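One file, query-v4.cif, carrying mmCIF, C-alpha atoms:
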```cif
data_run
#
loop_
_atom_site.label_atom_id
_atom_site.label_comp_id
_atom_site.auth_asym_id
_atom_site.auth_seq_id
_atom_site.Cartn_x
_atom_site.Cartn_y
_atom_site.Cartn_z
CA VAL Y 10 101.13 71.34 102.89
CA LEU Y 11 102.31 72.65 99.54
CA ARG Y 12 104.72 75.05 101.26
CA ARG Y 13 106.19 72.18 103.30
CA VAL Y 14 106.64 70.06 100.17
CA PHE Y 15 108.34 73.00 98.43
CA GLU Y 16 110.71 73.54 101.36
CA ARG Y 17 111.53 69.82 101.50
CA VAL Y 18 112.56 69.91 97.84
CA VAL Y 19 114.71 73.00 98.47
CA GLU Y 20 116.37 71.20 101.40
CA ALA Y 21 117.17 68.28 99.09
CA CYS Y 22 118.77 70.71 96.60
CA ILE Y 23 120.83 72.25 99.41
CA ALA Y 24 121.92 68.81 100.65
CA VAL Y 25 123.39 67.79 97.28
CA GLY Y 26 125.21 71.09 96.74
CA LEU Y 27 122.95 72.75 94.18
CA VAL Y 28 122.66 75.92 96.31
CA GLY Y 29 125.70 78.14 96.74
CA GLY Y 30 124.16 80.72 99.07
CA GLU Y 31 126.47 83.51 97.86
CA GLY Y 32 124.29 85.23 95.27
CA PHE Y 33 120.51 85.46 94.98
CA ALA Y 34 118.39 86.93 92.20
CA VAL Y 35 114.85 88.26 92.52
CA ASP Y 36 112.24 89.07 89.89
CA ALA Y 37 108.53 88.87 89.15
CA SER Y 38 106.51 87.83 86.13
CA LEU Y 39 102.88 88.47 85.24
CA ILE Y 40 100.55 85.49 84.99
CA ALA Y 41 97.08 86.08 83.56
CA ALA Y 42 94.22 85.55 86.02
CA ASP Y 43 91.05 83.60 85.34
CA ALA Y 44 89.05 86.82 84.98
CA ASN Y 45 87.14 88.23 82.03
CA LYS Y 46 87.28 91.90 81.02
CA GLN Y 47 83.72 91.76 79.64
CA ARG Y 48 82.40 90.84 83.09
CA SER Y 49 84.45 93.43 85.00
CA ILE Y 50 83.21 96.66 86.56
CA ALA Y 51 84.78 100.11 86.92
CA GLY Y 52 87.16 100.38 89.85
CA GLN Y 53 85.23 103.21 91.54
CA ASP Y 54 82.08 101.08 91.49
CA TRP Y 55 83.67 98.20 93.40
CA ARG Y 56 82.75 98.19 97.10
CA ARG Y 57 84.91 96.45 99.68
CA ASP Y 58 82.31 96.63 102.46
CA ARG Y 59 80.40 93.57 101.34
CA ASP Y 60 79.28 90.60 103.40
CA PRO Y 61 81.95 87.84 103.23
CA ALA Y 62 79.37 85.20 104.12
CA ARG Y 63 77.49 85.88 100.88
CA SER Y 64 80.61 86.09 98.72
CA SER Y 65 82.53 83.53 96.70
CA ARG Y 66 85.73 81.94 97.98
CA ALA Y 67 87.96 84.21 95.87
CA VAL Y 68 86.17 87.33 97.16
CA LYS Y 69 86.42 86.10 100.77
CA GLU Y 70 90.17 85.61 100.34
CA TYR Y 71 90.54 89.09 98.89
CA LEU Y 72 88.55 90.71 101.71
CA ALA Y 73 90.76 88.88 104.23
CA THR Y 74 93.93 90.37 102.67
CA LEU Y 75 92.93 94.05 102.57
CA ASP Y 76 95.48 94.88 105.30
CA ASP Y 77 98.24 92.77 103.74
CA THR Y 78 101.06 94.79 102.13
CA ALA Y 79 101.17 92.29 99.26
CA TRP Y 80 97.47 92.79 98.43
CA GLY Y 81 94.94 95.40 99.53
CA ALA Y 82 97.39 97.63 101.41
CA ALA Y 83 100.01 97.55 98.66
CA SER Y 84 98.58 100.68 97.03
CA ASP Y 85 95.74 103.15 97.55
CA VAL Y 86 95.35 103.67 93.81
CA ILE Y 87 91.95 102.55 92.55
CA PRO Y 88 92.38 100.21 89.56
CA LYS Y 89 90.63 101.06 86.33
CA PHE Y 90 88.67 97.80 86.33
CA VAL Y 91 87.90 95.14 88.94
CA SER Y 92 86.78 91.59 88.31
CA PRO Y 93 83.87 90.72 90.68
CA SER Y 94 84.80 87.02 90.44
CA ASP Y 95 88.46 87.65 91.36
CA PRO Y 96 88.94 91.18 92.79
CA ALA Y 97 92.54 90.50 93.90
CA ALA Y 98 93.63 90.21 90.26
CA GLN Y 99 95.19 93.47 89.07
CA TRP Y 100 94.15 95.17 85.83
CA THR Y 101 97.51 95.93 84.22
CA GLY Y 102 99.02 96.98 80.92
CA ALA Y 103 102.62 96.36 82.01
CA HIS Y 104 103.39 94.35 78.87
CA LYS Y 105 102.74 97.48 76.78
CA GLY Y 106 100.02 95.67 74.88
CA ALA Y 107 96.38 94.98 75.60
CA ALA Y 108 95.70 95.25 79.35
CA PHE Y 109 94.52 92.18 81.26
CA PHE Y 110 93.87 90.89 84.79
CA ALA Y 111 96.98 89.33 86.30
CA TYR Y 112 98.88 88.24 89.38
CA SER Y 113 102.62 88.60 89.96
CA ASP Y 114 104.62 85.42 90.44
CA ASN Y 115 107.70 86.39 92.51
CA TYR Y 116 110.80 84.17 92.55
CA LEU Y 117 113.94 84.24 94.66
CA ILE Y 118 116.62 81.98 93.19
CA ASP Y 119 120.17 80.98 93.98
CA VAL Y 120 122.33 81.85 90.99
CA LYS Y 121 124.66 78.83 91.26
CA PHE Y 122 122.26 76.46 89.47
CA GLY Y 123 119.02 78.46 89.33
CA VAL Y 124 117.26 76.65 92.20
CA ILE Y 125 114.12 78.48 93.33
CA LEU Y 126 114.51 79.24 97.05
CA ASP Y 127 111.16 80.96 97.57
CA VAL Y 128 108.02 81.90 95.70
CA GLU Y 129 105.29 84.40 96.52
CA ALA Y 130 102.09 85.56 94.83
CA THR Y 131 101.20 89.28 94.95
CA ARG Y 132 99.24 91.96 93.18
CA ALA Y 133 100.78 92.94 89.87
CA ILE Y 134 102.23 96.26 91.05
CA ARG Y 135 105.79 97.30 91.89
CA GLN Y 136 105.19 98.06 95.59
CA ALA Y 137 103.82 94.57 96.20
CA GLU Y 138 106.68 92.92 94.29
CA VAL Y 139 109.33 94.80 96.29
CA GLY Y 140 107.57 93.83 99.52
CA ALA Y 141 107.53 90.20 98.38
CA ALA Y 142 111.29 90.34 97.79
CA LYS Y 143 111.83 91.34 101.44
CA THR Y 144 109.47 88.62 102.63
CA MET Y 145 111.23 85.94 100.61
CA ILE Y 146 114.74 87.00 101.71
CA GLU Y 147 113.75 86.97 105.39
CA ARG Y 148 111.86 83.68 105.08
CA THR Y 149 114.78 82.01 103.30
CA GLU Y 150 117.13 83.11 106.08
CA GLU Y 151 114.70 81.87 108.73
CA ARG Y 152 113.88 78.49 107.14
CA PHE Y 153 117.23 77.51 105.60
CA GLY Y 154 119.78 79.75 107.34
CA LEU Y 155 120.78 81.28 104.00
CA LYS Y 156 121.57 84.96 103.53
CA PRO Y 157 123.31 86.06 100.32
CA GLU Y 158 126.32 88.32 100.02
CA ARG Y 159 124.70 90.00 97.01
CA LEU Y 160 121.22 90.39 95.58
CA ILE Y 161 120.64 90.73 91.85
CA GLY Y 162 117.59 92.54 90.49
CA ASP Y 163 116.37 95.05 87.93
CA THR Y 164 115.52 98.72 88.45
CA ALA Y 165 112.11 97.81 89.95
CA TYR Y 166 114.04 96.95 93.12
CA GLY Y 167 116.32 99.99 92.89
CA ALA Y 168 114.23 102.46 94.90
CA ALA Y 169 115.93 104.08 97.90
CA PRO Y 170 113.94 102.36 100.72
CA MET Y 171 114.65 98.90 99.28
CA LEU Y 172 118.35 99.63 98.81
CA ASN Y 173 118.58 101.03 102.34
CA TRP Y 174 116.94 97.89 103.73
CA LEU Y 175 119.49 95.72 101.92
CA VAL Y 176 122.55 97.80 102.84
CA GLU Y 177 121.76 98.97 106.37
CA ASP Y 178 119.40 96.32 107.75
CA LYS Y 179 120.56 93.12 106.04
CA GLY Y 180 124.18 93.82 105.05
CA ILE Y 181 123.58 92.55 101.49
CA ALA Y 182 125.38 94.11 98.52
CA PRO Y 183 122.73 95.37 96.06
CA HIS Y 184 123.78 94.50 92.51
CA ILE Y 185 120.77 96.49 91.32
CA PRO Y 186 120.59 99.48 88.95
CA VAL Y 187 119.52 102.55 90.94
CA PHE Y 188 116.06 103.93 90.13
CA ASP Y 189 116.95 107.59 89.49
CA LYS Y 190 115.02 110.41 87.81
CA SER Y 191 117.41 113.25 88.65
CA LYS Y 192 118.86 113.54 85.13
CA ARG Y 193 117.70 116.75 83.41
CA ASP Y 194 117.10 116.97 79.68
CA ASP Y 195 116.73 120.76 79.33
CA GLY Y 196 120.45 121.47 79.12
CA THR Y 197 120.84 122.61 82.74
CA PHE Y 198 123.04 120.95 85.35
CA SER Y 199 121.75 117.68 86.84
CA ARG Y 200 122.34 116.56 90.39
CA SER Y 201 125.24 114.40 89.22
CA ASP Y 202 127.10 117.62 88.27
CA PHE Y 203 127.18 118.58 91.96
CA ARG Y 204 129.71 116.90 94.27
CA TYR Y 205 128.50 115.75 97.67
CA ASP Y 206 130.84 115.97 100.68
CA PRO Y 207 129.64 113.49 103.34
CA THR Y 208 132.03 114.89 105.96
CA SER Y 209 130.53 118.40 105.87
CA ASP Y 210 127.12 117.29 104.60
CA VAL Y 211 127.14 119.85 101.78
CA TYR Y 212 127.03 119.86 97.99
CA HIS Y 213 129.60 121.73 95.91
CA CYS Y 214 128.30 123.27 92.68
CA PRO Y 215 130.32 123.39 89.41
CA SER Y 216 131.57 126.89 90.33
CA GLY Y 217 132.75 125.73 93.77
CA LYS Y 218 130.01 127.23 95.97
CA GLN Y 219 128.38 125.24 98.78
CA LEU Y 220 124.76 124.14 99.12
CA GLY Y 221 123.66 123.37 102.68
CA THR Y 222 120.52 121.94 104.25
CA SER Y 223 118.41 122.93 107.23
CA GLY Y 224 117.85 119.26 108.07
CA THR Y 225 114.09 119.44 107.46
CA VAL Y 226 112.78 116.24 105.85
CA HIS Y 227 110.16 116.99 103.20
CA GLU Y 228 107.38 114.50 102.47
CA GLY Y 229 109.04 112.09 104.86
CA LYS Y 230 111.90 111.21 102.50
CA THR Y 231 113.74 114.23 101.03
CA LEU Y 232 116.28 116.78 102.25
CA LEU Y 233 116.74 120.02 100.29
CA TYR Y 234 120.20 121.54 99.86
CA ARG Y 235 120.01 125.22 98.88
CA ALA Y 236 122.60 127.61 97.46
CA SER Y 237 122.91 131.20 98.60
CA LYS Y 238 120.89 133.63 96.50
CA LEU Y 239 123.81 136.08 96.61
CA ASP Y 240 126.16 133.45 95.20
CA CYS Y 241 123.78 132.49 92.39
CA GLU Y 242 122.97 136.07 91.31
CA VAL Y 243 126.56 136.84 90.30
CA CYS Y 244 127.49 133.37 89.07
CA PRO Y 245 128.34 133.17 85.31
CA LEU Y 246 126.97 129.58 85.26
CA LYS Y 247 123.48 130.60 86.40
CA PRO Y 248 121.92 130.21 82.89
CA GLN Y 249 123.10 126.57 82.93
CA CYS Y 250 122.14 125.97 86.55
CA CYS Y 251 118.94 127.76 87.61
CA PRO Y 252 117.83 130.14 84.83
CA LYS Y 253 114.25 130.42 86.16
CA GLU Y 254 114.97 130.38 89.91
CA PRO Y 255 116.81 132.89 92.15
CA SER Y 256 119.02 130.11 93.53
CA ARG Y 257 119.65 126.39 93.00
CA LYS Y 258 118.35 123.65 95.26
CA ILE Y 259 119.28 119.97 95.22
CA PRO Y 260 116.95 117.26 96.60
CA ARG Y 261 118.64 114.35 98.37
CA ASP Y 262 116.86 111.23 99.57
CA ILE Y 263 117.37 110.34 103.22
CA HIS Y 264 118.54 106.92 101.98
CA GLU Y 265 120.93 108.37 99.40
CA HIS Y 266 123.90 106.65 101.07
CA ALA Y 267 122.44 103.26 100.16
CA ARG Y 268 121.92 104.47 96.58
CA ASP Y 269 125.57 105.55 96.48
CA VAL Y 270 126.61 102.09 97.67
CA ALA Y 271 124.57 100.51 94.86
CA ARG Y 272 126.09 102.91 92.31
CA SER Y 273 129.59 101.97 93.47
CA PHE Y 274 129.11 98.41 92.19
CA VAL Y 275 128.11 99.48 88.67
CA GLY Y 276 130.87 98.80 86.15
CA THR Y 277 132.78 96.40 88.40
CA GLU Y 278 133.59 92.86 87.34
CA GLY Y 279 131.24 91.47 89.99
CA PHE Y 280 128.36 93.62 88.77
CA GLU Y 281 128.89 92.45 85.18
CA THR Y 282 128.88 88.86 86.39
CA SER Y 283 125.61 89.54 88.21
CA ARG Y 284 124.09 90.99 85.03
CA ARG Y 285 124.83 87.74 83.23
CA GLU Y 286 123.57 85.61 86.11
CA ARG Y 287 120.25 87.50 86.19
CA LYS Y 288 119.35 85.64 83.00
CA LYS Y 289 118.94 82.51 85.12
CA ILE Y 290 115.83 83.84 86.81
CA GLU Y 291 114.46 85.00 83.45
CA MET Y 292 115.00 81.44 82.21
CA ARG Y 293 112.98 80.11 85.17
CA PHE Y 294 110.01 82.24 84.11
CA ALA Y 295 110.46 81.28 80.44
CA HIS Y 296 110.44 77.61 81.47
CA LEU Y 297 107.35 78.22 83.62
CA LYS Y 298 105.35 79.61 80.72
CA ARG Y 299 106.71 77.65 77.74
CA ILE Y 300 107.34 74.19 79.20
CA LEU Y 301 104.95 74.03 82.15
CA ARG Y 302 102.44 76.13 80.20
CA LEU Y 303 101.44 78.30 83.15
CA GLY Y 304 100.42 81.31 81.12
CA ARG Y 305 97.01 81.61 82.75
CA LEU Y 306 95.80 80.62 86.20
CA ARG Y 307 93.08 78.03 86.70
CA LEU Y 308 92.31 78.93 90.33
CA ARG Y 309 91.04 82.27 91.60
CA GLY Y 310 91.86 84.39 94.62
CA PRO Y 311 95.17 85.03 96.44
CA ARG Y 312 95.25 81.50 97.88
CA GLY Y 313 94.57 79.92 94.50
CA ALA Y 314 97.33 81.94 92.84
CA GLN Y 315 99.77 81.07 95.65
CA ASP Y 316 98.97 77.36 95.40
CA GLU Y 317 99.53 77.25 91.65
CA PHE Y 318 102.78 79.21 91.87
CA VAL Y 319 104.15 76.97 94.65
CA LEU Y 320 103.18 73.81 92.74
CA ALA Y 321 104.93 75.10 89.64
CA ALA Y 322 108.06 75.99 91.62
CA ILE Y 323 108.09 72.47 93.13
CA ALA Y 324 107.95 70.98 89.64
CA GLN Y 325 110.73 73.23 88.37
CA ASN Y 326 113.03 72.42 91.30
CA LEU Y 327 112.35 68.68 90.96
CA ARG Y 328 113.23 68.82 87.28
CA ARG Y 329 116.39 70.74 88.16
CA LEU Y 330 117.28 68.21 90.83
CA ALA Y 331 116.70 65.27 88.49
CA SER Y 332 118.67 66.73 85.58
CA LEU Y 333 121.71 67.73 87.64
CA VAL Y 334 121.94 64.97 90.25
CA ALA Y 335 119.99 61.86 89.26
CA ARG Y 336 121.92 58.94 87.75
CA PRO Y 337 120.56 55.85 85.93
CA PRO Y 338 120.35 52.68 88.05
CA PRO Y 339 123.29 50.23 87.62
CA ALA Y 340 121.28 47.62 85.71
CA HIS Y 341 120.06 50.21 83.23
CA ALA Y 342 123.56 51.61 82.83
CA LEU Y 343 124.92 48.08 82.23
CA CYS Y 344 122.36 47.45 79.48
CA ILE Y 345 123.37 50.65 77.77
CA ALA Y 346 127.04 49.69 77.97
#
```
Can the structure from this file be put into structure tokens for me?
Amino acid sequence: VLRRVFERVVEACIAVGLVGGEGFAVDASLIAADANKQRSIAGQDWRRDRDPARSSRAVKEYLATLDDTAWGAASDVIPKFVSPSDPAAQWTGAHKGAAFFAYSDNYLIDVKFGVILDVEATRAIRQAEVGAAKTMIERTEERFGLKPERLIGDTAYGAAPMLNWLVEDKGIAPHIPVFDKSKRDDGTFSRSDFRYDPTSDVYHCPSGKQLGTSGTVHEGKTLLYRASKLDCEVCPLKPQCCPKEPSRKIPRDIHEHARDVARSFVGTEGFETSRRERKKIEMRFAHLKRILRLGRLRLRGPRGAQDEFVLAAIAQNLRRLASLVARPPPAHALCIA
């Protein structure tokens, strides 16, 4: 019922022209769960194989979502602490302060006027938030027939699989900084110092030699491009390239093309516009916590978190609709005149 009410409000915003449909922004914010650290247990002591019939509602909901990519299947990492009263809440120190139990509130907004197009509750981890972004984009296209030309997000959404999904599967321009750890800080050449030739599928090193690949995919995601040992042994740039190895190798993600597409937008006028428009989704979360005062959940479990987040999004969209569209009735306007 709450989802239908939310979608009806979004349809009203679309009908009056508050949704442009050209640019969307996605982000997530942590909301504290109704869970107490003093009553938590160590993660390794929490057992999932418990009887749902003898468990609380929040525990039943959690046990029912163990195969869901937004909850139990989002990560195999055992959390440091688990709350027996709300095991779906994630123990997190993402705010770089004291750790706490939290859920992630995920928003997808249209950047024209900041209307919230979809909302999703997940575990407070990056994998779940990225999965929620895909879910919200697909659901928005299915329910409202809206697919953006560009998606705005921070580096949390800049991993290669997500960028590949946007570029290759959805045809959406990713105005997202690429998540990249290839930069070296030991004074040797980084991958960016090597030029990739897509026609020949080889890298060219700073001295002009080629690095080829056997085509073997390592760990399901990486190709290795290797230089000839004979070329590297006599190269004067070897101390700056591979001082501790007989030859240089360059890892390349199988989705590197999508990363290159995302990099091509950086520095353009459109990308700078997107950077400014990303503040609109940050303002939605600031409004959520400061005006609506949703800094801590009152309900427990995945369903409780989802209900509170959807209710809050309904309220925010209604306020947006009223402030931008509503006009005073004629009698009231006449009295003011």
Closest atom pairs, residues of region 56-91 of chain Y within 7 Å of region 129-146 of chain Y, only C-alpha atoms, as CSV:
```
residue,atom,partner,partner_atom,distance
Y:Thr78,CA,Y:Ala137,CA,6.5
Y:Ala79,CA,Y:Ala137,CA,4.6
Y:Trp80,CA,Y:Arg132,CA,5.6
Y:Ala83,CA,Y:Ala137,CA,5.4
```
Suppose we keep C-alpha atoms; can you now write the selection as a PDB file, in the coordinates of the input?
```pdb
ATOM      1  CA  THR Y  78     101.060  94.790 102.130  1.00  0.00           C
ATOM      2  CA  ALA Y  79     101.170  92.290  99.260  1.00  0.00           C
ATOM      3  CA  TRP Y  80      97.470  92.790  98.430  1.00  0.00           C
ATOM      4  CA  ALA Y  83     100.010  97.550  98.660  1.00  0.00           C
TER       5      ALA Y  83
END
```
Care to translate the PyMOL selection byres ((chain Y and resi 87) around 8) into actual residues of this file, as a PyMOL selection string?
chain Y and resi 52-53+85-86+88-89
In terms of all atoms listed in the file, the residue from Y:Arg305, Y:Lys190, Y:Arg261, Y:Arg312 at minimal distance from Gly224 (chain Y) is Y:Arg261
Of the residues Y:Ala103, Y:Asp194, Y:Ala168, Y:Glu158, which is the one nearest to Gly180 (chain Y), using all atoms listed in the file?
Y:Glu158
Surrounding residues of region 232-247 of chain Y excluding itself and chain neighbours under 6 positions, 9 Å, only C-alpha atoms, as a ChimeraX atom specification
/Y:211-212,214-216,218-226,255-263
